[in-house]
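Data block for run20.cif (mmCIF, C-alpha atoms):
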```cif
data_my_file
#
loop_
_atom_site.label_atom_id
_atom_site.label_comp_id
_atom_site.auth_asym_id
_atom_site.auth_seq_id
_atom_site.Cartn_x
_atom_site.Cartn_y
_atom_site.Cartn_z
CA MET A 7 110.17 135.69 115.27
CA LEU A 8 111.50 132.13 115.19
CA ARG A 9 114.52 131.86 112.87
CA VAL A 10 114.88 128.52 111.08
CA GLY A 11 117.66 127.30 108.78
CA LEU A 12 116.71 124.94 105.93
CA THR A 13 119.35 122.80 104.23
CA GLY A 14 119.90 119.58 102.28
CA ILE A 15 122.18 118.16 99.61
CA PHE A 16 122.27 119.48 96.06
CA GLY A 17 119.15 118.16 94.28
CA SER A 18 117.25 117.36 97.49
CA GLY A 19 114.39 119.74 96.68
CA LYS A 20 115.11 122.50 99.22
CA SER A 21 113.52 125.20 97.06
CA PHE A 22 110.35 123.15 96.63
CA VAL A 23 110.07 122.70 100.41
CA LEU A 24 110.81 126.41 101.00
CA GLY A 25 107.91 127.21 98.68
CA LEU A 26 105.62 124.98 100.76
CA PHE A 27 106.56 126.92 103.91
CA ALA A 28 105.93 130.22 102.11
CA ARG A 29 102.40 129.04 101.27
CA HIS A 30 101.79 128.39 104.97
CA GLY A 31 102.75 131.98 105.77
CA ALA A 32 106.42 131.74 106.74
CA PHE A 33 108.78 134.56 105.78
CA CYS A 34 111.17 132.79 103.41
CA LEU A 35 114.64 133.66 102.16
CA ASP A 36 116.82 131.83 99.65
CA ALA A 37 120.58 132.28 100.15
CA ASP A 38 121.16 131.35 96.48
CA ARG A 39 119.01 134.31 95.41
CA ILE A 40 121.17 136.60 97.56
CA VAL A 41 124.34 135.09 96.04
CA ALA A 42 122.96 135.78 92.54
CA GLU A 43 122.32 139.42 93.51
CA LEU A 44 125.84 139.77 94.94
CA LEU A 45 127.34 138.36 91.73
CA SER A 46 125.95 141.32 89.83
CA GLU A 47 127.65 143.89 92.09
CA ARG A 48 130.82 145.50 90.75
CA ASP A 49 132.88 145.46 93.97
CA VAL A 50 132.09 141.75 94.54
CA LEU A 51 133.02 140.91 90.95
CA GLU A 52 136.31 142.79 91.31
CA ARG A 53 137.20 140.73 94.38
CA ILE A 54 136.32 137.50 92.54
CA LYS A 55 138.42 138.57 89.56
CA ARG A 56 141.42 139.01 91.87
CA VAL A 57 141.22 135.38 93.06
CA ALA A 58 139.75 133.61 89.99
CA GLY A 59 141.32 135.61 87.16
CA CYS A 60 139.95 137.21 83.98
CA GLU A 61 139.17 133.89 82.30
CA VAL A 62 135.86 133.56 84.21
CA PHE A 63 134.69 136.90 82.80
CA GLU A 64 133.50 138.03 79.38
CA GLY A 65 135.24 140.94 77.66
CA ASN A 66 132.52 143.31 78.90
CA GLY A 67 133.22 142.34 82.52
CA LYS A 68 130.20 140.04 82.93
CA LEU A 69 130.83 136.95 85.06
CA ILE A 70 130.58 133.60 83.25
CA LYS A 71 128.90 131.75 86.13
CA LYS A 72 129.20 128.27 84.64
CA ARG A 73 132.93 128.72 84.06
CA LEU A 74 133.41 129.95 87.64
CA ALA A 75 131.34 127.03 88.98
CA ASP A 76 133.36 124.50 86.93
CA ARG A 77 136.60 125.90 88.37
CA ILE A 78 135.26 126.15 91.94
CA PHE A 79 134.09 122.54 92.02
CA SER A 80 137.43 121.22 90.83
CA ASP A 81 139.73 123.52 92.86
CA SER A 82 139.17 123.45 96.62
CA ALA A 83 141.57 126.35 97.31
CA LEU A 84 139.76 128.61 94.83
CA ARG A 85 136.40 127.49 96.20
CA LYS A 86 137.47 128.54 99.71
CA CYS A 87 138.67 131.95 98.45
CA VAL A 88 135.37 132.64 96.68
CA GLU A 89 133.33 131.38 99.65
CA ASP A 90 135.35 133.65 101.97
CA ILE A 91 134.30 136.60 99.79
CA ILE A 92 130.65 135.64 99.37
CA HIS A 93 129.52 134.01 102.62
CA PRO A 94 130.06 136.93 105.04
CA LEU A 95 128.13 139.18 102.63
CA VAL A 96 125.32 136.63 102.39
CA THR A 97 124.95 136.32 106.17
CA ASP A 98 124.92 140.13 106.51
CA ARG A 99 122.13 140.40 103.93
CA ILE A 100 120.15 137.61 105.56
CA ASN A 101 120.36 139.27 108.98
CA LYS A 102 119.33 142.59 107.45
CA GLU A 103 116.30 141.09 105.68
CA LEU A 104 115.28 139.11 108.76
CA SER A 105 115.45 142.20 110.95
CA SER A 106 112.71 143.87 108.88
CA ALA A 107 110.53 140.75 108.50
CA ASN A 108 107.13 140.59 110.15
CA ALA A 109 106.08 136.95 110.56
CA PRO A 110 106.04 134.44 113.42
CA VAL A 111 108.40 132.08 111.56
CA ALA A 112 111.26 132.92 109.16
CA ILE A 113 112.88 130.13 107.13
CA VAL A 114 116.19 130.60 105.33
CA GLU A 115 117.37 128.11 102.71
CA MET A 116 121.16 127.69 103.04
CA PRO A 117 122.84 124.81 101.15
CA LEU A 118 126.05 124.96 103.25
CA LEU A 119 124.39 125.67 106.60
CA PHE A 120 126.25 122.97 108.55
CA GLU A 121 129.41 122.95 106.42
CA LYS A 122 129.99 126.63 107.24
CA GLY A 123 128.96 126.32 110.91
CA LEU A 124 126.08 128.79 110.47
CA GLU A 125 123.50 126.90 112.54
CA GLY A 126 124.10 129.39 115.37
CA MET A 127 122.18 131.99 113.33
CA PHE A 128 119.01 129.97 113.85
CA GLN A 129 116.88 128.64 116.68
CA LYS A 130 115.89 125.51 114.72
CA THR A 131 117.19 123.68 111.65
CA ILE A 132 115.54 121.50 109.00
CA THR A 133 117.20 119.10 106.58
CA VAL A 134 115.42 118.14 103.37
CA SER A 135 116.53 114.52 103.02
CA THR A 136 116.75 112.73 99.68
CA ASP A 137 118.52 109.57 98.58
CA GLU A 138 121.66 110.60 96.65
CA GLU A 139 120.64 108.57 93.60
CA VAL A 140 117.27 110.39 93.50
CA ALA A 141 119.13 113.72 93.80
CA LEU A 142 121.45 112.73 90.92
CA GLU A 143 118.48 111.83 88.71
CA ARG A 144 116.84 115.20 89.45
CA LEU A 145 120.07 117.07 88.68
CA GLU A 146 120.50 115.19 85.38
CA GLU A 147 116.89 116.09 84.48
CA ALA A 148 117.77 119.73 85.28
CA GLY A 149 120.62 119.61 82.74
CA PHE A 150 123.69 118.75 84.84
CA THR A 151 125.99 115.99 83.69
CA ARG A 152 126.37 113.17 86.19
CA GLU A 153 130.05 114.14 86.59
CA ASP A 154 129.17 117.77 87.44
CA ALA A 155 126.43 116.68 89.83
CA LEU A 156 128.80 114.29 91.62
CA LYS A 157 131.44 117.03 91.94
CA ARG A 158 128.91 119.35 93.58
CA LEU A 159 127.64 116.64 95.90
CA GLY A 160 131.23 115.78 96.75
CA VAL A 161 131.88 119.15 98.40
CA GLN A 162 128.82 118.88 100.64
CA MET A 163 128.31 117.08 103.91
CA PRO A 164 126.64 113.67 103.36
CA ASN A 165 122.86 113.60 103.49
CA THR A 166 122.85 111.33 106.57
CA GLU A 167 125.06 113.76 108.54
CA LYS A 168 122.91 116.77 107.61
CA ALA A 169 119.84 114.83 108.77
CA ARG A 170 121.55 113.81 112.03
CA ARG A 171 122.40 117.42 112.88
CA ALA A 172 118.98 118.91 112.11
CA ASP A 173 116.11 119.44 114.53
CA TYR A 174 113.62 118.33 111.85
CA VAL A 175 113.97 116.11 108.77
CA ILE A 176 111.60 116.28 105.79
CA LYS A 177 111.97 113.30 103.44
CA ASN A 178 111.51 114.42 99.85
CA GLU A 179 111.59 111.11 97.99
CA GLY A 180 107.90 110.27 97.52
CA THR A 181 105.04 112.29 96.08
CA LYS A 182 104.74 116.07 96.39
CA GLU A 183 101.68 115.48 98.59
CA GLU A 184 103.69 113.35 101.03
CA THR A 185 106.39 116.02 101.25
CA GLY A 186 103.68 118.66 101.66
CA ARG A 187 102.13 116.84 104.63
CA GLN A 188 105.52 116.62 106.35
CA ALA A 189 106.19 120.34 105.74
CA GLU A 190 102.80 121.26 107.17
CA ARG A 191 103.43 119.17 110.30
CA VAL A 192 106.84 120.79 110.83
CA TYR A 193 105.43 124.26 110.20
CA GLN A 194 102.67 123.79 112.79
CA GLU A 195 105.31 122.75 115.35
CA LEU A 196 107.44 125.79 114.51
CA LEU A 197 104.41 128.06 114.76
CA ALA A 198 103.54 126.66 118.20
CA LEU A 199 107.15 127.11 119.30
CA SER A 200 107.16 130.69 118.05
CA ARG A 201 103.99 131.47 120.03
CA ARG A 202 105.46 129.98 123.21
CA ASN A 203 108.56 132.16 122.79
#
```

Could you render the structure from this file as structure tokens?
Amino acid sequence: MLRVGLTGIFGSGKSFVLGLFARHGAFCLDADRIVAELLSERDVLERIKRVAGCEVFEGNGKLIKKRLADRIFSDSALRKCVEDIIHPLVTDRINKELSSANAPVAIVEMPLLFEKGLEGMFQKTITVSTDEEVALERLEEAGFTREDALKRLGVQMPNTEKARRADYVIKNEGTKEETGRQAERVYQELLALSRRN
């Protein structure tokens, strides 16, 4: 099975592109979905409470995700502490799920793929490329303030650098059909590569 990492800046449309690959038959995983699952586990929450404090939790012990996110994106030391808790668990889960997958191509969406030096987990990488202004407009439509969106984009590697490092680039700035045609082309190449391997 060919393992492929999919990344892009916040608001680039990674999840949309992942869905396109799923329709073509790829085994697809979303690291954000795994993070959400981990953030409901008691031992993970206890570790987060130790570094972030009680103020990001409700009285019943439930994590207030928006409050944690607000703090993380304005405190780089706290962000590193939380990432050090979460990221090793995420990569373990991904490897576990990939080991039981049965498909010629597996694609994993990881927002911080290059930032965290995780490209070694994969044989190929894809960047979903979007102009930052387009990404900001999408994020504002999704309910983020421009300030929050800029903070999140500010902790990520620039779009151009992500594109430079990737084996494939899918531009997601035009119509859904245009993005779909690019995804299909890339998938056919990955499929051919998987068969050769």

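Remark: for Glu47 (chain A), the closest of the candidate residues A:Val134, A:Ala83, A:Val23, A:Ile92 is A:Ile92 (distances computed over all atoms listed in the file).
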
Could you list, as a PyMOL selection string, every residue matched by the PyMOL selection byres ((chain A and resi 95) around 12) in this structure? chain A and resi 37+40-45+47+49-50+88-94+96-102

For Val62 (chain A), work out the shell of residues within 12 Å, counting all atoms listed in the file and skipping chain neighbours fewer than 6 positions away, then give it as a PyMOL selection string. chain A and resi 51-52+54-56+68-78

Using the chain letters and numbers from the file, which residues does the PyMOL selection byres ((chain A and resi 193) around 10) grab, as number ranges by chain? A: 26-27, 30-32, 111, 113, 187-192, 194-199

Which one of A:Asp137, A:Asp38, A:Asp81, A:Glu125 sits closest to Thr166 (chain A) if you count all atoms listed in the file?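 Ranking A:Asp137, A:Asp38, A:Asp81, A:Glu125 by distance to Thr166 (chain A), first place goes to A:Asp137.
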
From the options A:Phe79, A:Phe16, A:Tyr174, A:Phe120, which residue's atoms come nearest to Thr133 (chain A), counting all atoms listed in the file?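 Selected residue with least distance to Thr133 (chain A): A:Tyr174.
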
Non-local contacts of Ala107 (chain A) (9 Å; all atoms listed in the file; under 5 positions in same chain excluded) as number ranges by chain: A: 7, 33, 112

Using all atoms listed in the file, collect all residues at a distance of at most 6 Å from (115.0, 133.5, 103.1) as written in the file, then present them as a VMD selection string. chain A and resid 34 to 36 113 to 115

Record the distance separating CA of Cys87 (chain A) and CA of Leu24 (chain A), expressed in Å with one decimal. 28.5 Å

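Counting from CA of Arg201 (chain A), the distance to CA of Leu12 (chain A) is 20.1 Å.
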
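Going from CA of Ser135 (chain A) to CA of Asn165 (chain A) covers 6.4 Å.
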
Can you sort out the box for region 110-120 of chain A, edges along x, y and z, all listed atoms in, 3 Å on every side, with centre and edge lengths in Å to one decimal, as AutoDock Vina command-line options?
```
--center_x 116.1 --center_y 128.7 --center_z 107.3 --size_x 26.2 --size_y 17.5 --size_z 18.3
```
